[in-house]
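What follows is a short report on a single structure.
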Amino acid sequence: MVLGEGIELRALDPSEADRLWRWNHDPDVLRWMQENYPQSLAQVRKRLEERAPNAYGEVLFGIQVREDGELIGLVRLRDAEPETGCAELDIYIGEKAYWGRGHATDAMRTVCRYGFDRMRLHKISLTVATENHSARHVYEKVGFVEEGRLRQVFRRDGRWHDMFTMGLLEGELRD
């Protein structure tokens, strides 16, 4: 368990598959995310049961609110390479009742601290749709900076969107 100010990051349990399945079928939650092909609840449960344990190359955490114990989202550091000290970050808050309460910012800070302190990363990167203003605000708030633009790589609502690449170097994390 990794503690933030108001959240904790923890391992997921296969019994939580129904919650993940619900989030992954909610168009509001998926609005600015790359979608995979739909999976049944049984497939999601099986994927959680067979998932390899967290390791340097990929750590996946559930985001749980400390005050009420509610699991509200996921955060992952993936494609970590010890040779370069770099990893990619993915995050989403699936419980819409918890949107706008600062939990995503807390989770971002917490997982970045974990990456820099425990995994000894030098850089954490992510991509975000240019129109996803709320996510970009959170990323910039914790210190991520825009490093580039990927033109027309994300399709939503029948049109192509650009994505920003953003990065955070060790020592740049803002409190």
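Letters A, B, ... go to the chains of the structure tokens in the order shown; residues in each chain start at 1; ligands are counted from 1 in the same order.
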
Q: Can you pull out every residue within 9 Å of region 32-34 of chain A, counting only C-alpha atoms, but drop anything in the same chain fewer than 3 positions away, and send it as a list of chain:residue names?
A: A:Asp28, A:Val29, A:Tyr92, A:Val128, A:Ala129, A:Glu131, A:Asn132, A:Phe154, A:Arg155, A:Arg156

Residues of the last selection are to be written out with N, CA and C atoms, as a CSV table (one decimal), in the first residue's frame.
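Writing done, so here's again04.csv:
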```
chain,number,residue,atom,x,y,z
A,28,ASP,N,-18.9,8.3,-20.4
A,28,ASP,CA,-18.3,9.5,-19.8
A,28,ASP,C,-16.9,9.2,-19.3
A,29,VAL,N,-16.7,8.1,-18.7
A,29,VAL,CA,-15.3,7.7,-18.2
A,29,VAL,C,-14.4,7.5,-19.3
A,92,TYR,N,-7.0,6.8,-14.5
A,92,TYR,CA,-8.4,7.3,-14.6
A,92,TYR,C,-9.2,7.1,-13.4
A,128,VAL,N,-2.0,12.7,-23.6
A,128,VAL,CA,-3.3,13.2,-23.3
A,128,VAL,C,-3.9,13.9,-24.5
A,129,ALA,N,-5.2,13.6,-24.8
A,129,ALA,CA,-5.9,14.3,-25.9
A,129,ALA,C,-5.9,15.8,-25.6
A,131,GLU,N,-7.9,18.1,-26.2
A,131,GLU,CA,-9.2,18.6,-25.7
A,131,GLU,C,-9.5,18.2,-24.3
A,132,ASN,N,-8.7,17.3,-23.7
A,132,ASN,CA,-9.0,16.8,-22.3
A,132,ASN,C,-8.4,17.8,-21.3
A,154,PHE,N,-5.8,10.1,-32.3
A,154,PHE,CA,-6.9,9.7,-31.5
A,154,PHE,C,-8.2,10.0,-32.1
A,155,ARG,N,-9.1,9.0,-32.3
A,155,ARG,CA,-10.4,9.2,-33.0
A,155,ARG,C,-11.5,9.1,-32.0
A,156,ARG,N,-12.3,10.2,-32.0
A,156,ARG,CA,-13.5,10.2,-31.1
A,156,ARG,C,-14.6,11.0,-31.8
```

Q.
Need the shell around Asp162 (chain A): protein/DNA/RNA residues with any atom at most 8 Å away, counting only C-alpha atoms. Skip same-chain ones fewer than 6 positions apart. Format as a PyMOL selection string?
A. chain A and resi 129-130+149-154

Prev. selection, N, CA and C atoms, output as a tab-separated table (two decimals), in the first residue's frame:
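Once written, part.tsv looks like this:
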```tsv
chain	number	residue	atom	x	y	z
A	129	ALA	N	-5.21	13.64	-24.76
A	129	ALA	CA	-5.89	14.33	-25.86
A	129	ALA	C	-5.86	15.83	-25.60
A	130	THR	N	-5.59	16.59	-26.64
A	130	THR	CA	-5.47	18.05	-26.48
A	130	THR	C	-6.74	18.67	-25.92
A	149	ARG	N	3.58	17.26	-29.68
A	149	ARG	CA	2.20	17.06	-30.14
A	149	ARG	C	2.20	15.94	-31.17
A	150	LEU	N	1.32	14.98	-30.97
A	150	LEU	CA	1.11	13.89	-31.92
A	150	LEU	C	-0.15	14.23	-32.71
A	151	ARG	N	0.02	14.43	-33.99
A	151	ARG	CA	-1.10	14.92	-34.80
A	151	ARG	C	-2.04	13.79	-35.20
A	152	GLN	N	-3.33	14.03	-34.96
A	152	GLN	CA	-4.44	13.18	-35.39
A	152	GLN	C	-4.20	11.69	-35.13
A	153	VAL	N	-3.95	11.35	-33.87
A	153	VAL	CA	-3.69	9.96	-33.50
A	153	VAL	C	-4.80	9.36	-32.63
A	154	PHE	N	-5.83	10.15	-32.33
A	154	PHE	CA	-6.91	9.69	-31.45
A	154	PHE	C	-8.24	10.02	-32.11
```

Q: Excluding Asn24 (chain A) and any residue of its chain fewer than 4 positions from it, enumerate the residues within 9 Å of it, using only C-alpha atoms, and give them as a PyMOL selection string.
A: chain A and resi 19-20+29-30+35-36+38-39+94

**Q.** Straight-line distance linking CA of Glu81 (chain A) with CA of Gly57 (chain A), stated in Å to one decimal
**A.** 6.5 Å

Interface rows for region 38-88 of chain A against region 119-123 of chain A: nearest pair, Å to one decimal, 8 Å, only C-alpha atoms, as JSON lines:
```
{"residue": "A:Tyr56", "atom": "CA", "partner": "A:Met119", "partner_atom": "CA", "distance": 7.0}
{"residue": "A:Pro82", "atom": "CA", "partner": "A:Leu121", "partner_atom": "CA", "distance": 7.6}
{"residue": "A:Thr84", "atom": "CA", "partner": "A:His122", "partner_atom": "CA", "distance": 7.7}
{"residue": "A:Gly85", "atom": "CA", "partner": "A:Leu121", "partner_atom": "CA", "distance": 4.4}
{"residue": "A:Cys86", "atom": "CA", "partner": "A:Lys123", "partner_atom": "CA", "distance": 4.8}
{"residue": "A:Ala87", "atom": "CA", "partner": "A:Lys123", "partner_atom": "CA", "distance": 6.6}
```

Mind writing the picked residues with N, CA and C atoms as a JSON list (two decimals), in the first residue's frame?
```
[["chain", "number", "residue", "atom", "x", "y", "z"],
["A", 56, "TYR", "N", 8.88, -4.33, -11.70],
["A", 56, "TYR", "CA", 9.47, -3.08, -12.16],
["A", 56, "TYR", "C", 8.88, -2.63, -13.50],
["A", 82, "PRO", "N", 14.86, -0.08, -16.56],
["A", 82, "PRO", "CA", 15.92, 0.34, -15.63],
["A", 82, "PRO", "C", 17.10, 0.99, -16.35],
["A", 84, "THR", "N", 17.05, 3.10, -18.83],
["A", 84, "THR", "CA", 16.80, 4.50, -19.13],
["A", 84, "THR", "C", 16.18, 5.26, -17.96],
["A", 85, "GLY", "N", 15.60, 4.53, -17.00],
["A", 85, "GLY", "CA", 14.93, 5.18, -15.88],
["A", 85, "GLY", "C", 13.64, 5.86, -16.28],
["A", 86, "CYS", "N", 13.01, 5.38, -17.36],
["A", 86, "CYS", "CA", 11.78, 6.00, -17.87],
["A", 86, "CYS", "C", 10.60, 5.05, -17.76],
["A", 87, "ALA", "N", 9.41, 5.62, -17.59],
["A", 87, "ALA", "CA", 8.17, 4.84, -17.56],
["A", 87, "ALA", "C", 7.04, 5.71, -18.10]]
```

**Q.** Filtered DSSP result for chain A, state strand (DSSP E), as a ChimeraX atom specification
**A.** /A:2-3,7-10,58-65,71-81,86-93,123-129,145-156,159-169

Q) Which polymer residues have any atom within 9 Å of an atom of Glu16 (chain A), counting only C-alpha atoms, with same-chain residues fewer than 4 positions away left out, as a PyMOL selection string? A) chain A and resi 12+20-21+45+48+71

Q.
What parts of chain A does DSSP call helix (DSSP H, G or I)? I'd like the answer as a VMD selection string.
A. chain A and resid 14 to 23 41 to 50 96 to 98 103 to 117 133 to 142

Using N, CA and C atoms, can you write the selected residues to a file as a CSV table (one decimal), in the first residue's frame?
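Dumped to part11.csv:
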```csv
chain,number,residue,atom,x,y,z
A,14,PRO,N,-9.3,-9.6,-7.8
A,14,PRO,CA,-10.2,-10.1,-8.8
A,14,PRO,C,-11.7,-9.9,-8.5
A,15,SER,N,-12.1,-9.8,-7.2
A,15,SER,CA,-13.5,-9.6,-6.8
A,15,SER,C,-14.0,-8.2,-7.2
A,16,GLU,N,-13.0,-7.3,-7.6
A,16,GLU,CA,-13.4,-5.9,-8.0
A,16,GLU,C,-13.6,-5.8,-9.5
A,17,ALA,N,-13.6,-6.9,-10.2
A,17,ALA,CA,-13.8,-6.9,-11.7
A,17,ALA,C,-15.1,-6.3,-12.1
A,18,ASP,N,-16.2,-6.4,-11.3
A,18,ASP,CA,-17.4,-5.8,-11.7
A,18,ASP,C,-17.3,-4.3,-11.8
A,19,ARG,N,-16.6,-3.7,-10.9
A,19,ARG,CA,-16.4,-2.3,-10.9
A,19,ARG,C,-15.6,-1.8,-12.1
A,20,LEU,N,-14.5,-2.5,-12.4
A,20,LEU,CA,-13.7,-2.2,-13.6
A,20,LEU,C,-14.5,-2.3,-14.8
A,21,TRP,N,-15.3,-3.4,-14.9
A,21,TRP,CA,-16.2,-3.6,-16.1
A,21,TRP,C,-17.1,-2.5,-16.3
A,22,ARG,N,-17.7,-2.0,-15.2
A,22,ARG,CA,-18.7,-0.9,-15.2
A,22,ARG,C,-18.0,0.4,-15.7
A,23,TRP,N,-16.8,0.7,-15.2
A,23,TRP,CA,-16.1,1.9,-15.6
A,23,TRP,C,-15.7,1.8,-17.1
A,41,LEU,N,-17.8,-9.4,-18.4
A,41,LEU,CA,-17.4,-9.4,-17.0
A,41,LEU,C,-16.5,-10.6,-16.6
A,42,ALA,N,-16.9,-11.7,-17.2
A,42,ALA,CA,-16.0,-13.0,-17.0
A,42,ALA,C,-14.6,-12.8,-17.5
A,43,GLN,N,-14.5,-12.1,-18.7
A,43,GLN,CA,-13.2,-11.9,-19.2
A,43,GLN,C,-12.4,-10.9,-18.4
A,44,VAL,N,-13.0,-9.9,-17.9
A,44,VAL,CA,-12.3,-8.9,-17.0
A,44,VAL,C,-11.9,-9.6,-15.7
A,45,ARG,N,-12.7,-10.4,-15.1
A,45,ARG,CA,-12.4,-11.2,-13.9
A,45,ARG,C,-11.2,-12.1,-14.2
A,46,LYS,N,-11.3,-12.8,-15.3
A,46,LYS,CA,-10.2,-13.7,-15.6
A,46,LYS,C,-8.9,-13.0,-15.8
A,47,ARG,N,-8.9,-11.8,-16.5
A,47,ARG,CA,-7.7,-11.0,-16.7
A,47,ARG,C,-7.1,-10.6,-15.4
A,48,LEU,N,-8.0,-10.2,-14.4
A,48,LEU,CA,-7.5,-9.8,-13.1
A,48,LEU,C,-6.9,-11.0,-12.3
A,49,GLU,N,-7.5,-12.2,-12.5
A,49,GLU,CA,-7.0,-13.4,-11.8
A,49,GLU,C,-5.7,-13.8,-12.3
A,50,GLU,N,-5.5,-13.7,-13.6
A,50,GLU,CA,-4.3,-14.2,-14.3
A,50,GLU,C,-3.2,-13.1,-14.4
A,96,LYS,N,-17.6,8.5,-11.0
A,96,LYS,CA,-17.9,9.9,-11.4
A,96,LYS,C,-18.3,10.8,-10.2
A,97,ALA,N,-18.8,10.2,-9.1
A,97,ALA,CA,-19.2,10.9,-7.9
A,97,ALA,C,-18.0,11.5,-7.2
A,98,TYR,N,-16.8,11.0,-7.6
A,98,TYR,CA,-15.5,11.5,-7.0
A,98,TYR,C,-14.7,12.4,-7.9
A,103,HIS,N,-8.8,14.0,-6.0
A,103,HIS,CA,-8.2,12.6,-5.8
A,103,HIS,C,-7.3,12.3,-7.0
A,104,ALA,N,-7.5,12.7,-8.2
A,104,ALA,CA,-6.6,12.4,-9.3
A,104,ALA,C,-5.3,13.1,-9.1
A,105,THR,N,-5.3,14.4,-8.6
A,105,THR,CA,-4.1,15.1,-8.4
A,105,THR,C,-3.3,14.4,-7.3
A,106,ASP,N,-4.0,14.0,-6.2
A,106,ASP,CA,-3.3,13.2,-5.1
A,106,ASP,C,-2.7,11.9,-5.6
A,107,ALA,N,-3.5,11.2,-6.4
A,107,ALA,CA,-3.0,9.9,-7.0
A,107,ALA,C,-1.8,10.1,-7.9
A,108,MET,N,-1.8,11.2,-8.7
A,108,MET,CA,-0.7,11.5,-9.6
A,108,MET,C,0.6,11.8,-8.8
A,109,ARG,N,0.4,12.6,-7.8
A,109,ARG,CA,1.6,12.9,-6.9
A,109,ARG,C,2.1,11.7,-6.3
A,110,THR,N,1.2,10.9,-5.8
A,110,THR,CA,1.6,9.7,-5.0
A,110,THR,C,2.3,8.7,-5.9
A,111,VAL,N,1.8,8.4,-7.1
A,111,VAL,CA,2.4,7.4,-8.0
A,111,VAL,C,3.7,7.9,-8.5
A,112,CYS,N,3.8,9.3,-8.8
A,112,CYS,CA,5.1,9.8,-9.2
A,112,CYS,C,6.1,9.7,-8.2
A,113,ARG,N,5.8,10.0,-6.9
A,113,ARG,CA,6.7,9.9,-5.8
A,113,ARG,C,7.2,8.4,-5.7
A,114,TYR,N,6.3,7.5,-5.8
A,114,TYR,CA,6.6,6.1,-5.8
A,114,TYR,C,7.6,5.8,-6.9
A,115,GLY,N,7.3,6.2,-8.1
A,115,GLY,CA,8.2,6.0,-9.3
A,115,GLY,C,9.6,6.5,-9.1
A,116,PHE,N,9.7,7.8,-8.6
A,116,PHE,CA,11.0,8.4,-8.4
A,116,PHE,C,11.7,7.8,-7.2
A,117,ASP,N,11.0,7.6,-6.1
A,117,ASP,CA,11.7,7.2,-4.9
A,117,ASP,C,11.9,5.7,-4.8
A,133,HIS,N,-9.1,19.0,-21.2
A,133,HIS,CA,-8.6,20.1,-20.4
A,133,HIS,C,-8.5,19.7,-18.9
A,134,SER,N,-9.4,19.0,-18.4
A,134,SER,CA,-9.4,18.7,-17.0
A,134,SER,C,-8.2,17.8,-16.6
A,135,ALA,N,-7.9,16.8,-17.5
A,135,ALA,CA,-6.7,16.0,-17.2
A,135,ALA,C,-5.4,16.8,-17.4
A,136,ARG,N,-5.3,17.6,-18.4
A,136,ARG,CA,-4.1,18.4,-18.6
A,136,ARG,C,-3.9,19.3,-17.4
A,137,HIS,N,-5.0,19.9,-16.9
A,137,HIS,CA,-4.8,20.7,-15.7
A,137,HIS,C,-4.2,20.0,-14.6
A,138,VAL,N,-4.7,18.7,-14.3
A,138,VAL,CA,-4.1,17.9,-13.2
A,138,VAL,C,-2.6,17.7,-13.5
A,139,TYR,N,-2.3,17.3,-14.7
A,139,TYR,CA,-0.9,16.9,-15.0
A,139,TYR,C,0.0,18.1,-14.9
A,140,GLU,N,-0.4,19.3,-15.3
A,140,GLU,CA,0.4,20.5,-15.2
A,140,GLU,C,0.5,20.9,-13.7
A,141,LYS,N,-0.5,20.7,-13.0
A,141,LYS,CA,-0.5,21.1,-11.6
A,141,LYS,C,0.6,20.3,-10.8
A,142,VAL,N,0.8,19.1,-11.1
A,142,VAL,CA,1.8,18.3,-10.4
A,142,VAL,C,3.2,18.5,-11.1
```

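For Ile63 (chain A), the non-local neighbours within 9 Å, defined as residues at least 6 positions apart in the same chain or in other chains and counting only C-alpha atoms, are Ile7, Glu8, Leu9, Arg10, Glu70, Leu71, Ile72, Gly73, Leu74, Val75, Ile93, His103, Ala104 and Ala107 of chain A.
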
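The coordinates place CA of Glu95 (chain A) at 21.0 Å from CA of Tyr37 (chain A).
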
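Between CA of Phe164 (chain A) and CA of Glu58 (chain A) the interatomic distance comes to 22.3 Å.
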
Q. If we count only C-alpha atoms, what is near Thr165 (chain A) at a cut-off of 9 Å, once residues fewer than 6 positions away on the same chain are taken out, given as a list of chain:residue names?
A. A:Ser125, A:Leu126, A:Thr127, A:Val128, A:Val145, A:Glu146, A:Glu147, A:Gly148, A:Arg149, A:Leu150
